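What follows is a short report on a single structure.
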Amino acid sequence: MSKKRKVIITVAQTGNFQGKAQNPGLPEQPHEVIQSAYDCYNAGASIVHIHARNKEGKSCNDPKIFAEINSGVRAKCNIITQNSTAPGTRPGAEADDGVALLYDDSIKGALPEMCSLDTSLITTVWEDLSFIYRWERDWLIKHGLRMKELGIKPEIEAFNMESIEDVFQHLIPAGVCRLTDDPNEPINLTFVMGMNKVSQGAISYTQKNHDYIIDLVNQNRGTANVNMSTMAIAVHQLHGVTYGLLKGCHVRTGMEDNIYYRYGELAKSNAQLVERMVRIIEELEMEVATPDEARAMIGLKPLS
């Protein structure tokens, strides 16, 4: 058996902000997202992070669109489905909009295996819109427990240092971060770094910040089993996630975070970005985790 470290690749194909106007290869409609997920699975991704867009290509939180994508992806491959719970970028959007899929009984047969759970209080400005995301402690506990009730594993996203302490001091004791009460079940924590350009309250990407946030996890984790992943935005993506690899983190890539392949050259596809991460992981003498291996590492049940 290989002793090389297994690395989980998450691909975030499309988000709430950039669209085809910025990169024509970015998938928006369900059939595009499904095909892109399948291509990324074949390229080596273990998890697909999913946002929904309406027919006009605008970000939304329609549970039925999520269900269509989840079902379509599952029909093609066994990549882990992870739905975003970030509210869509539209006037009047609120935190509750992002978790609508958790309360729509009509899509229970097409729920994801994971959902994001953003743990920071931030203000985001995009074009002429400004949002205050009130991901408060009570809100996080309420909806995190709803995920647990549905058997959906939370992927905890932390935008700053204070959020790390909140996870260990409030969310874990409240039973939010695991599907069971087993203290050995892994917790999945993603560092969101480099959103500070558009989000007040988000940390910038630097190696010193990266080191500090890892140290903060290690100071607070006790005996908890924590999977750490790095998410670095825009020009920081390649360097940031590669540095994270060297520090023991898993990686996230994709056009939600960076629409370029290299300076001045747009990425052709999400699969192209995944393929590069696979090459880097293997050159660093590590191995890419398969979806089934990732499930075991994350604490998810095998697909039936």
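Numbering starts fresh at 1 for the residues of each chain in the structure tokens, the chains themselves are lettered A, B, ... in the order given, and ligands are numbered from 1 as they appear.
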
At a cut-off of 8 Å, using only C-alpha atoms, what residues contact Asn16 in chain A? Leave out same-chain residues fewer than 5 positions from it and give the result as number ranges by chain.
A: 51, 58-60, 88-89, 256

Output as a Markdown table one row per residue of range 53-162 of chain A within 12 Å of range 231-236 of chain A: the closest atom pair and its distance in Å to one decimal place, counting only C-alpha atoms, sorted by chain and residue number ascending.
```
| residue | atom | partner | partner_atom | distance |
| --- | --- | --- | --- | --- |
| A:Ile156 | CA | A:Met231 | CA | 12.0 |
| A:Glu157 | CA | A:Met231 | CA | 9.3 |
| A:Ala158 | CA | A:Met231 | CA | 9.9 |
| A:Phe159 | CA | A:Met231 | CA | 9.8 |
```

Taking a cut-off of 8 Å and counting only C-alpha atoms, can you build a table that, for each residue of range 54-73 of chain A near range 26-41 of chain A, reports the nearest atom pair and how far apart they are in Å (one decimal), sorted by chain then residue number, as a tab-separated table?
```
residue	atom	partner	partner_atom	distance
A:Asn54	CA	A:Gln29	CA	7.3
A:Lys55	CA	A:Gln29	CA	6.9
A:Gly57	CA	A:Glu28	CA	5.8
A:Ile65	CA	A:Pro30	CA	7.1
A:Glu68	CA	A:Pro30	CA	6.9
A:Ile69	CA	A:Pro30	CA	5.5
A:Gly72	CA	A:Ile34	CA	5.9
A:Val73	CA	A:Ile34	CA	5.2
```

Write the selection just made, keeping C-alpha atoms, as a CSV table (one decimal), in the first residue's frame?
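The result, written out as out-v9.csv:
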```
chain,number,residue,atom,x,y,z
A,54,ASN,CA,-31.2,30.9,-13.5
A,55,LYS,CA,-32.0,30.9,-17.2
A,57,GLY,CA,-27.2,33.1,-16.1
A,65,ILE,CA,-32.0,23.9,-10.0
A,68,GLU,CA,-31.4,19.0,-11.3
A,69,ILE,CA,-27.7,19.5,-11.2
A,72,GLY,CA,-27.5,14.9,-13.4
A,73,VAL,CA,-24.0,14.7,-11.8
```

What residues in range 42-270 of chain A get the DSSP label helix (DSSP H, G or I)? Please answer as a PyMOL selection string.
chain A and resi 42-43+63-76+95-103+105-110+137-150+161-171+195-197+207-220+234-246+270

Pull the closest atom pair for each residue of range 205-296 of chain A that gets at most 12 Å from range 136-155 of chain A, along with the distance in Å to one decimal, counting only C-alpha atoms, ordering rows by chain and then ascending residue number, as CSV.
```
residue,atom,partner,partner_atom,distance
A:Val226,CA,A:Glu155,CA,11.2
A:Asn227,CA,A:Glu155,CA,9.8
A:Met228,CA,A:Glu155,CA,10.2
A:Ser229,CA,A:Glu155,CA,9.9
A:Arg295,CA,A:Lys153,CA,10.5
```

How would the residues just picked look written out with all heavy atoms as a PDB file, in the first residue's frame?
```pdb
ATOM      1  N   VAL A 226      -9.156  17.041  11.835  1.00  0.00           N
ATOM      2  CA  VAL A 226      -9.567  18.162  10.988  1.00  0.00           C
ATOM      3  C   VAL A 226      -8.931  18.043   9.614  1.00  0.00           C
ATOM      4  O   VAL A 226      -7.705  17.969   9.490  1.00  0.00           O
ATOM      5  CB  VAL A 226      -9.179  19.521  11.617  1.00  0.00           C
ATOM      6  CG1 VAL A 226      -9.662  20.671  10.735  1.00  0.00           C
ATOM      7  CG2 VAL A 226      -9.744  19.653  13.021  1.00  0.00           C
ATOM      8  N   ASN A 227      -9.764  18.020   8.569  1.00  0.00           N
ATOM      9  CA  ASN A 227      -9.285  18.148   7.200  1.00  0.00           C
ATOM     10  C   ASN A 227      -9.241  19.631   6.845  1.00  0.00           C
ATOM     11  O   ASN A 227     -10.283  20.291   6.812  1.00  0.00           O
ATOM     12  CB  ASN A 227     -10.223  17.441   6.220  1.00  0.00           C
ATOM     13  CG  ASN A 227     -10.188  15.936   6.360  1.00  0.00           C
ATOM     14  OD1 ASN A 227      -9.125  15.342   6.406  1.00  0.00           O
ATOM     15  ND2 ASN A 227     -11.357  15.306   6.422  1.00  0.00           N
ATOM     16  N   MET A 228      -8.059  20.158   6.590  1.00  0.00           N
ATOM     17  CA  MET A 228      -7.911  21.563   6.204  1.00  0.00           C
ATOM     18  C   MET A 228      -7.748  21.660   4.695  1.00  0.00           C
ATOM     19  O   MET A 228      -6.996  20.891   4.096  1.00  0.00           O
ATOM     20  CB  MET A 228      -6.694  22.183   6.900  1.00  0.00           C
ATOM     21  CG  MET A 228      -6.783  22.218   8.407  1.00  0.00           C
ATOM     22  SD  MET A 228      -5.324  22.991   9.191  1.00  0.00           S
ATOM     23  CE  MET A 228      -4.076  21.727   8.889  1.00  0.00           C
ATOM     24  N   SER A 229      -8.469  22.601   4.081  1.00  0.00           N
ATOM     25  CA  SER A 229      -8.354  22.835   2.641  1.00  0.00           C
ATOM     26  C   SER A 229      -8.082  24.307   2.400  1.00  0.00           C
ATOM     27  O   SER A 229      -8.547  25.168   3.155  1.00  0.00           O
ATOM     28  CB  SER A 229      -9.636  22.427   1.908  1.00  0.00           C
ATOM     29  OG  SER A 229      -9.863  21.044   2.013  1.00  0.00           O
ATOM     30  N   ARG A 295     -14.461  10.224   0.492  1.00  0.00           N
ATOM     31  CA  ARG A 295     -15.595   9.987   1.402  1.00  0.00           C
ATOM     32  C   ARG A 295     -15.106   9.423   2.735  1.00  0.00           C
ATOM     33  O   ARG A 295     -15.552   9.845   3.805  1.00  0.00           O
ATOM     34  CB  ARG A 295     -16.602   9.031   0.770  1.00  0.00           C
ATOM     35  CG  ARG A 295     -17.470   9.663  -0.291  1.00  0.00           C
ATOM     36  CD  ARG A 295     -18.521   8.727  -0.859  1.00  0.00           C
ATOM     37  NE  ARG A 295     -19.310   9.461  -1.842  1.00  0.00           N
ATOM     38  CZ  ARG A 295     -18.992   9.543  -3.144  1.00  0.00           C
ATOM     39  NH1 ARG A 295     -17.924   8.907  -3.606  1.00  0.00           N
ATOM     40  NH2 ARG A 295     -19.728  10.257  -3.967  1.00  0.00           N
TER      41      ARG A 295
END
```

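Nearest-residue note for Val217 in chain A: choosing from A:Pro186, A:Phe168, A:Ser199, A:Tyr261, the minimum distance belongs to A:Phe168, counting only C-alpha atoms.
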
Could you give me, as a PyMOL selection string, each residue of range 63-161 of chain A that DSSP assigns to strand (DSSP E) when run on this structure's backbone?
chain A and resi 80-83+114-118+121-126+129-134+153-158
